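Content type mmCIF, C-alpha atoms and all ligand atoms, from the file input12.cif:
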data_model
loop_
_atom_site.label_atom_id
_atom_site.label_comp_id
_atom_site.auth_asym_id
_atom_site.auth_seq_id
_atom_site.Cartn_x
_atom_site.Cartn_y
_atom_site.Cartn_z
CA MET V 213 37.35 -53.94 -8.53
CA GLU V 214 34.70 -51.74 -10.10
CA LYS V 215 33.48 -52.37 -13.62
CA ASP V 216 35.18 -50.36 -16.38
CA LEU V 217 33.11 -47.58 -17.91
CA ASP V 218 33.57 -47.23 -21.67
CA ILE V 219 32.19 -44.06 -23.22
CA LEU V 220 31.69 -43.38 -26.93
CA ALA V 221 32.32 -39.64 -27.37
CA ILE V 222 31.42 -37.43 -30.32
CA GLU V 223 32.79 -33.95 -31.14
CA THR V 224 31.60 -31.72 -34.00
CA SER V 225 31.67 -28.21 -32.52
CA CYS V 226 33.88 -26.60 -35.19
CA ASP V 227 35.92 -28.03 -38.07
CA GLU V 228 36.92 -31.46 -36.76
CA THR V 229 34.58 -34.44 -37.06
CA ALA V 230 35.74 -36.68 -34.22
CA ALA V 231 34.77 -39.78 -32.26
CA ALA V 232 36.59 -41.75 -29.57
CA VAL V 233 36.11 -44.56 -27.08
CA VAL V 234 37.52 -43.71 -23.64
CA ARG V 235 37.72 -46.04 -20.62
CA ASN V 236 37.24 -44.59 -17.13
CA GLY V 237 38.00 -41.06 -18.32
CA ARG V 238 41.70 -41.80 -18.73
CA GLU V 239 42.40 -44.60 -21.16
CA VAL V 240 41.89 -43.82 -24.86
CA LEU V 241 40.82 -47.02 -26.65
CA SER V 242 40.42 -45.16 -29.95
CA ASN V 243 40.61 -41.57 -31.18
CA VAL V 244 39.48 -40.77 -34.72
CA ILE V 245 39.71 -37.22 -36.07
CA TYR V 246 38.64 -36.14 -39.53
CA THR V 247 39.97 -32.62 -39.92
CA GLN V 248 38.26 -30.28 -42.37
CA ILE V 249 41.14 -27.79 -42.31
CA ALA V 250 42.11 -28.30 -45.98
CA MET V 251 38.57 -27.46 -47.11
CA HIS V 252 38.36 -24.26 -45.03
CA THR V 253 41.91 -23.11 -45.86
CA VAL V 254 40.72 -22.07 -49.32
CA TYR V 255 38.41 -19.49 -47.66
CA GLY V 256 40.94 -18.32 -45.07
CA GLY V 257 38.83 -19.56 -42.13
CA VAL V 258 36.02 -21.87 -41.09
CA VAL V 259 32.85 -21.56 -43.20
CA PRO V 260 30.07 -22.72 -40.83
CA GLU V 261 27.68 -23.97 -43.51
CA LEU V 262 30.40 -26.08 -45.14
CA ALA V 263 31.51 -27.40 -41.75
CA SER V 264 27.98 -28.69 -40.99
CA ARG V 265 27.68 -30.38 -44.37
CA LYS V 266 31.05 -32.08 -43.97
CA HIS V 267 30.15 -33.27 -40.45
CA ILE V 268 27.00 -34.90 -41.87
CA GLU V 269 29.07 -36.66 -44.51
CA LYS V 270 31.82 -37.87 -42.16
CA ILE V 271 30.15 -38.52 -38.82
CA ASN V 272 29.03 -42.11 -39.47
CA PRO V 273 32.32 -43.44 -40.87
CA VAL V 274 34.25 -41.63 -38.11
CA ILE V 275 32.11 -43.24 -35.38
CA GLU V 276 32.30 -46.66 -37.04
CA LYS V 277 36.09 -46.40 -37.14
CA ALA V 278 36.26 -45.29 -33.50
CA LEU V 279 34.24 -48.35 -32.45
CA SER V 280 36.19 -50.78 -34.62
CA ASP V 281 39.62 -49.34 -33.60
CA ALA V 282 38.56 -49.90 -29.99
CA GLY V 283 37.36 -53.43 -30.81
CA LYS V 284 33.88 -52.52 -29.57
CA THR V 285 30.31 -52.60 -30.78
CA LEU V 286 27.60 -50.26 -29.55
CA ALA V 287 26.39 -53.01 -27.24
CA ASP V 288 29.71 -52.86 -25.31
CA ILE V 289 29.48 -49.10 -24.74
CA ASP V 290 28.23 -47.83 -21.35
CA ALA V 291 27.26 -44.29 -22.39
CA VAL V 292 27.26 -41.93 -25.37
CA ALA V 293 28.75 -38.45 -24.86
CA VAL V 294 28.60 -35.45 -27.13
CA THR V 295 29.74 -31.83 -27.21
CA TYR V 296 26.58 -29.66 -27.11
CA GLY V 297 28.31 -26.25 -26.78
CA PRO V 298 29.96 -23.86 -27.14
CA GLY V 299 30.61 -23.87 -30.88
CA LEU V 300 28.99 -23.37 -34.26
CA VAL V 301 25.30 -24.16 -33.94
CA GLY V 302 24.92 -26.06 -37.21
CA ALA V 303 28.07 -28.05 -36.53
CA LEU V 304 27.06 -28.88 -32.96
CA LEU V 305 23.60 -30.01 -34.10
CA VAL V 306 25.08 -32.76 -36.27
CA GLY V 307 26.88 -34.35 -33.31
CA VAL V 308 23.98 -33.83 -30.91
CA ALA V 309 21.40 -35.38 -33.27
CA GLU V 310 23.74 -38.28 -34.02
CA ALA V 311 24.49 -38.97 -30.35
CA LYS V 312 20.79 -38.85 -29.43
CA ALA V 313 19.91 -41.28 -32.23
CA ILE V 314 22.67 -43.73 -31.25
CA ALA V 315 21.97 -43.55 -27.53
CA TRP V 316 18.23 -44.00 -28.08
CA ALA V 317 18.62 -46.90 -30.49
CA ALA V 318 21.22 -48.68 -28.34
CA LYS V 319 19.37 -47.84 -25.08
CA LYS V 320 22.42 -46.14 -23.55
CA PRO V 321 22.60 -43.09 -21.29
CA LEU V 322 23.39 -39.78 -23.00
CA VAL V 323 25.83 -37.22 -21.55
CA GLY V 324 26.06 -33.70 -23.01
CA VAL V 325 29.53 -32.22 -22.53
CA ASN V 326 30.82 -28.64 -22.51
CA HIS V 327 33.60 -28.27 -25.10
CA ILE V 328 35.80 -26.11 -22.83
CA GLU V 329 35.45 -28.65 -20.02
CA GLY V 330 36.56 -31.23 -22.58
CA HIS V 331 39.71 -29.26 -23.39
CA ILE V 332 40.63 -29.15 -19.69
CA ALA V 333 39.88 -32.87 -19.27
CA ALA V 334 42.35 -33.65 -22.09
CA ASN V 335 44.94 -33.44 -19.33
CA TYR V 336 43.50 -36.51 -17.56
CA ILE V 337 44.36 -38.75 -20.52
CA GLU V 338 48.11 -38.70 -20.09
CA HIS V 339 48.44 -37.55 -16.48
CA SER V 340 46.95 -40.27 -14.31
CA ASP V 341 48.03 -38.36 -11.19
CA LEU V 342 46.21 -35.11 -12.01
CA GLN V 343 43.24 -34.35 -9.82
CA PRO V 344 41.52 -31.17 -8.62
CA PRO V 345 42.07 -28.62 -7.29
CA TYR V 346 44.32 -27.04 -9.91
CA LEU V 347 44.58 -23.97 -12.11
CA GLY V 348 43.52 -24.38 -15.74
CA LEU V 349 44.54 -22.15 -18.66
CA VAL V 350 42.31 -22.88 -21.66
CA VAL V 351 43.45 -21.20 -24.86
CA SER V 352 41.75 -22.05 -28.13
CA GLY V 353 40.42 -20.48 -31.29
CA GLY V 354 37.23 -19.42 -29.54
CA HIS V 355 38.18 -19.18 -25.85
CA THR V 356 40.74 -17.84 -23.44
CA HIS V 357 39.90 -18.77 -19.86
CA LEU V 358 41.87 -18.88 -16.65
CA VAL V 359 39.93 -21.09 -14.23
CA VAL V 360 40.23 -22.84 -10.92
CA VAL V 361 39.17 -26.46 -11.32
CA GLU V 362 37.83 -26.77 -7.80
CA ASP V 363 36.54 -30.31 -8.12
CA TRP V 364 35.67 -32.81 -10.86
CA ALA V 365 33.38 -30.87 -13.19
CA LYS V 366 33.35 -27.81 -10.86
CA PHE V 367 34.94 -24.61 -12.14
CA ARG V 368 35.51 -21.03 -11.00
CA ILE V 369 36.39 -18.61 -13.78
CA LEU V 370 39.09 -16.13 -12.74
CA GLY V 371 39.59 -14.36 -16.04
CA ARG V 372 38.71 -14.50 -19.68
CA THR V 373 39.36 -12.47 -22.80
CA ALA V 374 37.60 -9.15 -23.16
CA ASP V 375 37.72 -9.41 -26.96
CA ASP V 376 39.58 -11.84 -29.24
CA ALA V 377 40.54 -15.32 -28.11
CA ALA V 378 44.27 -16.09 -28.21
CA GLY V 379 43.88 -18.52 -31.13
CA GLU V 380 41.76 -15.99 -33.00
CA ALA V 381 44.59 -13.44 -32.64
CA PHE V 382 47.06 -15.99 -34.03
CA ASP V 383 44.76 -16.68 -36.97
CA LYS V 384 44.14 -12.98 -37.74
CA VAL V 385 47.81 -11.99 -37.54
CA ALA V 386 48.80 -14.97 -39.68
CA ARG V 387 46.32 -13.85 -42.31
CA ALA V 388 47.67 -10.27 -42.17
CA ILE V 389 51.22 -11.42 -42.87
CA GLY V 390 50.10 -13.86 -45.55
CA LEU V 391 50.72 -17.12 -43.74
CA GLY V 392 47.19 -18.46 -44.23
CA TYR V 393 44.84 -20.60 -42.13
CA PRO V 394 45.11 -21.96 -39.49
CA GLY V 395 47.48 -19.32 -38.26
CA GLY V 396 48.65 -20.80 -34.96
CA PRO V 397 50.87 -23.59 -36.27
CA LYS V 398 52.18 -21.35 -39.08
CA ILE V 399 53.18 -18.53 -36.72
CA ASP V 400 54.70 -21.11 -34.39
CA LYS V 401 56.87 -22.39 -37.25
CA ALA V 402 57.83 -18.94 -38.63
CA ALA V 403 58.68 -17.73 -35.13
CA LYS V 404 61.35 -20.41 -34.80
CA GLU V 405 63.32 -18.57 -37.51
CA GLY V 406 62.71 -15.11 -36.03
CA ASP V 407 63.92 -12.87 -33.19
CA ALA V 408 61.25 -12.46 -30.50
CA ASP V 409 62.89 -9.25 -29.25
CA ALA V 410 63.01 -7.60 -32.69
CA ILE V 411 59.70 -5.72 -32.32
CA ARG V 412 58.25 -4.50 -29.04
CA PHE V 413 54.49 -4.90 -29.03
CA PRO V 414 52.32 -3.49 -26.20
CA LYS V 415 51.33 -5.77 -23.40
CA ALA V 416 47.58 -6.07 -23.01
CA HIS V 417 46.19 -5.10 -19.64
CA VAL V 418 42.51 -5.24 -18.87
CA HIS V 419 41.44 -2.36 -16.71
CA GLY V 420 40.09 -3.48 -13.34
CA GLU V 421 40.44 -7.17 -14.07
CA GLU V 422 43.38 -8.80 -12.41
CA TYR V 423 43.29 -11.97 -14.49
CA GLY V 424 41.59 -10.68 -17.65
CA PHE V 425 43.04 -10.96 -21.15
CA SER V 426 42.74 -8.74 -24.23
CA PHE V 427 44.29 -9.45 -27.60
CA SER V 428 42.59 -7.06 -30.00
CA GLY V 429 44.96 -4.18 -29.06
CA LEU V 430 47.93 -6.38 -29.83
CA LYS V 431 46.38 -7.42 -33.12
CA SER V 432 45.86 -3.73 -34.03
CA ALA V 433 49.47 -2.97 -33.09
CA VAL V 434 50.61 -5.65 -35.54
CA LEU V 435 48.36 -4.23 -38.28
CA ASN V 436 49.64 -0.69 -37.60
CA TYR V 437 53.21 -1.93 -37.78
CA LEU V 438 52.50 -3.53 -41.18
CA HIS V 439 50.76 -0.39 -42.52
CA HIS V 440 53.59 1.84 -41.36
CA ALA V 441 56.21 -0.42 -42.99
CA GLU V 442 54.22 -0.38 -46.21
CA GLN V 443 53.92 3.43 -46.17
CA VAL V 444 57.64 4.01 -45.69
CA GLY V 445 58.50 1.21 -48.12
CA GLU V 446 60.24 -0.95 -45.55
CA GLU V 447 60.37 -4.69 -45.93
CA VAL V 448 58.84 -6.58 -43.00
CA ASN V 449 60.70 -9.56 -41.61
CA ARG V 450 57.76 -11.93 -41.17
CA ASN V 451 59.69 -14.32 -38.97
CA ASP V 452 60.67 -11.55 -36.54
CA LEU V 453 57.10 -10.25 -36.51
CA ALA V 454 55.69 -13.74 -35.87
CA ALA V 455 58.18 -14.34 -33.05
CA SER V 456 57.56 -10.94 -31.42
CA PHE V 457 53.77 -11.26 -31.65
CA GLN V 458 53.86 -14.81 -30.30
CA LYS V 459 56.03 -13.71 -27.38
CA ALA V 460 53.58 -10.91 -26.49
CA VAL V 461 50.67 -13.40 -26.41
CA CYS V 462 52.63 -15.96 -24.38
CA ASP V 463 53.86 -13.37 -21.88
CA ALA V 464 50.31 -12.14 -21.19
CA LEU V 465 48.98 -15.68 -20.76
CA VAL V 466 51.84 -16.82 -18.55
CA GLU V 467 51.92 -13.65 -16.40
CA ASN V 468 48.25 -13.89 -15.43
CA THR V 469 48.51 -17.61 -14.78
CA MET V 470 51.52 -17.31 -12.51
CA LEU V 471 49.97 -14.34 -10.68
CA ALA V 472 46.85 -16.41 -9.98
CA ALA V 473 48.92 -19.40 -8.84
CA LYS V 474 50.81 -17.14 -6.43
CA ASN V 475 47.79 -15.24 -5.11
CA LEU V 476 45.65 -18.35 -4.62
CA GLY V 477 48.46 -20.59 -3.43
CA ILE V 478 47.78 -23.20 -6.12
CA ARG V 479 50.75 -25.32 -7.12
CA LYS V 480 49.30 -27.34 -9.97
CA ILE V 481 48.67 -25.82 -13.41
CA ALA V 482 47.09 -27.50 -16.45
CA LEU V 483 47.31 -26.03 -19.96
CA ALA V 484 44.63 -26.85 -22.56
CA GLY V 485 43.10 -25.93 -25.94
CA GLY V 486 44.47 -25.61 -29.47
CA VAL V 487 46.92 -22.83 -28.58
CA ALA V 488 48.38 -25.13 -25.90
CA ALA V 489 50.09 -26.83 -28.86
CA ASN V 490 52.19 -23.66 -29.26
CA SER V 491 55.84 -24.40 -28.55
CA CYS V 492 56.60 -20.95 -27.12
CA LEU V 493 53.65 -21.10 -24.72
CA ARG V 494 54.57 -24.61 -23.59
CA GLU V 495 58.19 -23.61 -22.97
CA THR V 496 57.46 -20.24 -21.33
CA LEU V 497 54.88 -21.73 -18.98
CA ARG V 498 57.12 -24.70 -18.18
CA GLU V 499 59.95 -22.39 -17.19
CA ALA V 500 57.73 -20.04 -15.16
CA SER V 501 56.08 -22.98 -13.38
CA ALA V 502 59.42 -24.54 -12.52
CA ASN V 503 60.71 -21.20 -11.16
CA ALA V 504 57.60 -20.84 -9.00
CA GLY V 505 57.75 -24.44 -7.75
CA CYS V 506 54.52 -25.38 -9.55
CA GLU V 507 53.80 -28.62 -11.33
CA LEU V 508 52.71 -28.16 -14.96
CA PHE V 509 50.46 -30.53 -16.90
CA VAL V 510 50.25 -30.26 -20.70
CA PRO V 511 48.49 -32.62 -23.12
CA SER V 512 50.25 -33.96 -26.22
CA PRO V 513 49.48 -31.70 -29.21
CA VAL V 514 46.92 -34.19 -30.64
CA PHE V 515 44.84 -33.82 -27.45
CA CYS V 516 45.24 -29.99 -27.44
CA THR V 517 43.40 -29.29 -30.70
CA ASP V 518 39.80 -30.49 -31.07
CA ASN V 519 39.29 -34.22 -30.54
CA ALA V 520 36.67 -36.53 -29.05
CA ALA V 521 38.94 -38.32 -26.55
CA MET V 522 38.91 -35.18 -24.38
CA ILE V 523 35.09 -35.18 -24.53
CA GLY V 524 35.10 -38.82 -23.38
CA ALA V 525 37.41 -37.90 -20.50
CA ALA V 526 35.18 -35.03 -19.35
CA ALA V 527 32.04 -37.16 -19.84
CA TYR V 528 33.33 -39.82 -17.46
CA TYR V 529 33.56 -37.36 -14.56
CA GLU V 530 30.18 -35.85 -15.46
CA TYR V 531 28.68 -39.36 -15.63
CA VAL V 532 30.11 -40.34 -12.25
CA ALA V 533 28.74 -37.06 -10.81
CA GLY V 534 25.29 -38.13 -12.06
CA THR V 535 24.95 -35.97 -15.18
CA ARG V 536 22.51 -37.42 -17.72
CA SER V 537 21.00 -35.60 -20.71
CA GLY V 538 17.46 -36.04 -21.94
CA TRP V 539 16.22 -36.63 -25.49
CA ASP V 540 15.59 -32.89 -25.61
CA LEU V 541 19.34 -32.13 -25.50
CA ASN V 542 19.98 -29.22 -27.86
CA ALA V 543 23.01 -27.39 -29.21
CA VAL V 544 23.93 -24.34 -27.07
CA PRO V 545 26.35 -22.24 -29.18
CA ASN V 546 27.31 -19.88 -26.34
CA LEU V 547 27.32 -22.38 -23.48
CA LYS V 548 29.36 -21.09 -20.53
CA LEU V 549 31.80 -23.19 -18.54
CA GLY V 550 30.12 -24.59 -15.43
CA GLU V 551 26.57 -24.04 -16.78
CA ARG V 552 24.26 -26.78 -17.97
O1 LIG H 1 40.94 -25.97 -29.59
P1 LIG H 1 40.91 -25.73 -31.03
O2 LIG H 1 41.29 -26.87 -31.96
O3 LIG H 1 39.50 -25.23 -31.50
C1 LIG H 1 38.70 -24.38 -30.72
O4 LIG H 1 38.05 -24.88 -29.79
O5 LIG H 1 38.74 -23.17 -31.02
O6 LIG H 1 41.85 -24.48 -31.30
C2 LIG H 1 42.12 -24.02 -32.59
C3 LIG H 1 43.04 -22.83 -32.45
C4 LIG H 1 43.26 -22.10 -33.76
O7 LIG H 1 43.08 -20.72 -33.56
C5 LIG H 1 44.71 -22.42 -34.10
O8 LIG H 1 45.36 -21.40 -34.83
C6 LIG H 1 45.30 -22.56 -32.70
O9 LIG H 1 44.32 -23.23 -31.97
N1 LIG H 1 46.55 -23.35 -32.72
C7 LIG H 1 47.74 -22.83 -32.39
C8 LIG H 1 48.69 -23.86 -32.60
N2 LIG H 1 48.03 -24.97 -33.04
C9 LIG H 1 46.70 -24.63 -33.10
N3 LIG H 1 48.08 -21.61 -31.96
C10 LIG H 1 49.37 -21.37 -31.72
N4 LIG H 1 50.35 -22.29 -31.93
C11 LIG H 1 50.06 -23.53 -32.35
N5 LIG H 1 51.03 -24.43 -32.53
ZN ZN H 2 38.28 -26.55 -29.12
#

Before anything else, please render the file you have as structure tokens.
Amino acid sequence: MEKDLDILAIETSCDETAAAVVRNGREVLSNVIYTQIAMHTVYGGVVPELASRKHIEKINPVIEKALSDAGKTLADIDAVAVTYGPGLVGALLVGVAEAKAIAWAAKKPLVGVNHIEGHIAANYIEHSDLQPPYLGLVVSGGHTHLVVVEDWAKFRILGRTADDAAGEAFDKVARAIGLGYPGGPKIDKAAKEGDADAIRFPKAHVHGEEYGFSFSGLKSAVLNYLHHAEQVGEEVNRNDLAASFQKAVCDALVENTMLAAKNLGIRKIALAGGVAANSCLRETLREASANAGCELFVPSPVFCTDNAAMIGAAAYYEYVAGTRSGWDLNAVPNLKLGER
């Protein structure tokens, strides 16, 4: 039997300071997340400067806890992995500098990981049977990608958003109807009390792009609806609006995904990213997949939103493929999936 490979993974790309120890890309020995959400809520969104400062403050205790929860010391670790993009540059730099220092001091290999690849790899943690090729739908606060995972750490992007990411649309609409930050979970909750067929919002089509997404038109439609109601003095049912908006987002995401599965003859679909925690999206995609005879993989909500276990999972497959980062590893805020 081959030796186990234990990776210490670090994630600081946005507003979660996170560290985890992951064995062989699948087994989470520890998963520590310090979320900064409460601090940013006051400002209605993530303040990059504050995020960086909080990462600096929290990164050491978070890593220490991840090691001790796993019953490990740095000497037991086989490699150090870190998210180096995409994300907020100042936030990324904290994790990258920390990972370089630890790896150098402990004489361990360093593996830089793409955050979006990490989201997709979150599926490996609880689905030991999942392996490429499969279709991946990554929906987060910063990204909306439909990709073919052709092989371990090999991706082909089919479609992405032309404007806002799905999570961004959730956050902006939530702010417009006074639900606050982060909008996704709040809309999800309000929608449970509302009627999804109450308001008909336009479906976003991207001209000339079969699998493309666009959410800014939908967001504008919601804002127009609110303005109109205000002008004519009509009270808006926020639960109905949340449910109708959420349905429009889910329908667009699910339609493109199922079309790609059909056209490409792929029967395995994996959902990932913060918006993958959305109950409507999970249910709608589960139903559509079952109807089309496709197998659907979805991470538990804790592995959907930002965490370091997913970075450890992705790092394992990168490590096995031979990926090693040098001491010149830098933060790449707009790093694309599949690029190094
Ligand atoms: O993946 P993530 O934690 O960070 C990024 O990489 O962007 O995603 C955060 C996004 C936020 O926009 C948040 O509103 C959204 O995921 N989100 C949700 C839900 N939980 C988090 N959106 C819809 N429904 C949810 N339950
Ligand atoms: Zn993320």

Once you count all atoms listed in the file, which residues end up within 12 Å of ligand ZN 2 (chain H), and could you hand them over as number ranges by chain?
V: 223-230, 295, 297-300, 326-334, 350-356, 377, 379-380, 484-489, 514-520, 522-523

What are the centre and the three edge lengths of an axis-aligned box that wraps all atoms of stretch 469-476 of chain V in the file, given that 8 Å is added to every side, written as AutoDock Vina command-line options and rounded to one decimal in Å?
--center_x 48.6 --center_y -16.9 --center_z -9.7 --size_x 21.9 --size_y 21.1 --size_z 26.2

Restricting to only C-alpha atoms and all ligand atoms, whichever of V:Ala533, V:Val418, V:Leu262, V:Ala402 is closest to ligand LIG 1 (chain H) is V:Ala402

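Nearest to ligand LIG 1 (chain H) of all the residues V:Glu499, V:Glu310, V:Asp383, V:Asp290 is V:Asp383, counting all atoms listed in the file.
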
What is the distance between atom CA of V:Leu438 and atom CA of V:Ala378, in Å to one decimal?
19.8 Å

Env of V:Gly538: 9 Å cut, atoms = only C-alpha atoms, seq-sep filter 5 positions within chain, self excluded. Answer as a list of chain:residue names.
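Here the qualifying residues turn out to be V:Lys312, V:Pro321, V:Leu322, V:Val323, V:Gly324.
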
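Shortest separation to V:Ile389 among V:Leu430, V:Gly420, V:Arg450, V:Tyr529 occurs at residue V:Arg450, atoms counted being all atoms listed in the file.
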
Please work out which residues fall within 12 Å of (56.0, -8.6, -33.8), coordinates as given in the file, with all atoms listed in the file counting, and return them as a ChimeraX atom specification.
/V:382,385-386,388-389,399,402-403,406-415,430-438,448-461

Near V:Ala472, counting all atoms listed in the file, which residues have an atom at most 12 Å away, once you skip same-chain residues fewer than 4 positions from it, shown as JSON, numbers by chain?
{"V": [346, 347, 348, 349, 358, 359, 360, 369, 370, 371, 421, 422, 423, 424, 465, 466, 467, 468, 476, 477, 478, 479, 480, 481, 501, 504, 506]}

At what distance in Å, to one decimal, does atom CA of V:Phe425 lie from atom CA of V:Arg494?
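Those two atoms sit 18.0 Å apart.
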
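Residue nearest V:Arg235, chosen from V:Arg368, V:Lys284, V:Arg552, V:His419 and counting all atoms listed in the file: V:Lys284.
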
What is the atom CA of V:Asp281 to atom CA of V:Ala232 distance in Å?
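Pair atom CA of V:Asp281 / atom CA of V:Ala232 returns 9.1 Å.
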
Closest-contact table, stretch 376-495 of chain V side, partner stretch 251-257 of chain V, 8 Å, counting all atoms listed in the file, as a tab-separated table:
residue	atom	partner	partner_atom	distance
V:Arg387	CA	V:Gly256	CA	7.5
V:Gly392	CA	V:Gly256	CA	6.3
V:Tyr393	CA	V:Thr253	CA	5.4
V:Pro394	CA	V:Thr253	CA	7.2

For ligand LIG 1 (chain H), the closest of V:Leu549, V:Val532, V:Cys462, V:Ala527 counting only C-alpha atoms and all ligand atoms is V:Cys462

Provide stretch 229-236 of chain V rebuilt to all heavy atoms, formatted as an mmCIF file, in the frame of the given file.
data_model
loop_
_atom_site.group_PDB
_atom_site.id
_atom_site.type_symbol
_atom_site.label_atom_id
_atom_site.label_comp_id
_atom_site.auth_asym_id
_atom_site.auth_seq_id
_atom_site.Cartn_x
_atom_site.Cartn_y
_atom_site.Cartn_z
ATOM 1 N N THR V 229 35.608 -33.425 -37.318
ATOM 2 C CA THR V 229 34.580 -34.440 -37.060
ATOM 3 C C THR V 229 35.312 -35.540 -36.302
ATOM 4 O O THR V 229 36.235 -36.154 -36.850
ATOM 5 C CB THR V 229 34.017 -35.019 -38.378
ATOM 6 O OG1 THR V 229 33.777 -33.943 -39.288
ATOM 7 C CG2 THR V 229 32.742 -35.793 -38.128
ATOM 8 N N ALA V 230 34.929 -35.770 -35.041
ATOM 9 C CA ALA V 230 35.740 -36.680 -34.220
ATOM 10 C C ALA V 230 34.892 -37.598 -33.359
ATOM 11 O O ALA V 230 33.813 -37.232 -32.898
ATOM 12 C CB ALA V 230 36.686 -35.862 -33.340
ATOM 13 N N ALA V 231 35.408 -38.820 -33.162
ATOM 14 C CA ALA V 231 34.770 -39.780 -32.260
ATOM 15 C C ALA V 231 35.867 -40.577 -31.567
ATOM 16 O O ALA V 231 36.956 -40.769 -32.123
ATOM 17 C CB ALA V 231 33.846 -40.713 -33.035
ATOM 18 N N ALA V 232 35.588 -41.012 -30.342
ATOM 19 C CA ALA V 232 36.590 -41.750 -29.570
ATOM 20 C C ALA V 232 35.883 -42.676 -28.589
ATOM 21 O O ALA V 232 34.726 -42.454 -28.238
ATOM 22 C CB ALA V 232 37.475 -40.766 -28.794
ATOM 23 N N VAL V 233 36.595 -43.723 -28.174
ATOM 24 C CA VAL V 233 36.110 -44.560 -27.080
ATOM 25 C C VAL V 233 37.125 -44.401 -25.950
ATOM 26 O O VAL V 233 38.325 -44.596 -26.151
ATOM 27 C CB VAL V 233 35.963 -46.035 -27.488
ATOM 28 C CG1 VAL V 233 35.487 -46.862 -26.295
ATOM 29 C CG2 VAL V 233 34.995 -46.170 -28.667
ATOM 30 N N VAL V 234 36.633 -43.984 -24.780
ATOM 31 C CA VAL V 234 37.520 -43.710 -23.640
ATOM 32 C C VAL V 234 37.068 -44.525 -22.435
ATOM 33 O O VAL V 234 35.880 -44.552 -22.103
ATOM 34 C CB VAL V 234 37.522 -42.199 -23.302
ATOM 35 C CG1 VAL V 234 38.459 -41.911 -22.137
ATOM 36 C CG2 VAL V 234 37.941 -41.378 -24.524
ATOM 37 N N ARG V 235 38.022 -45.212 -21.800
ATOM 38 C CA ARG V 235 37.720 -46.040 -20.620
ATOM 39 C C ARG V 235 38.032 -45.276 -19.339
ATOM 40 O O ARG V 235 39.149 -44.755 -19.170
ATOM 41 C CB ARG V 235 38.531 -47.337 -20.696
ATOM 42 C CG ARG V 235 38.381 -48.234 -19.480
ATOM 43 C CD ARG V 235 38.927 -49.615 -19.732
ATOM 44 N NE ARG V 235 38.068 -50.336 -20.677
ATOM 45 C CZ ARG V 235 38.371 -51.543 -21.196
ATOM 46 N NH1 ARG V 235 39.497 -52.130 -20.860
ATOM 47 N NH2 ARG V 235 37.536 -52.126 -22.027
ATOM 48 N N ASN V 236 37.076 -45.193 -18.463
ATOM 49 C CA ASN V 236 37.240 -44.590 -17.130
ATOM 50 C C ASN V 236 37.842 -43.189 -17.166
ATOM 51 O O ASN V 236 38.567 -42.791 -16.251
ATOM 52 C CB ASN V 236 38.090 -45.496 -16.235
ATOM 53 C CG ASN V 236 37.482 -46.880 -16.111
ATOM 54 O OD1 ASN V 236 36.260 -47.030 -16.166
ATOM 55 N ND2 ASN V 236 38.309 -47.888 -15.947
#
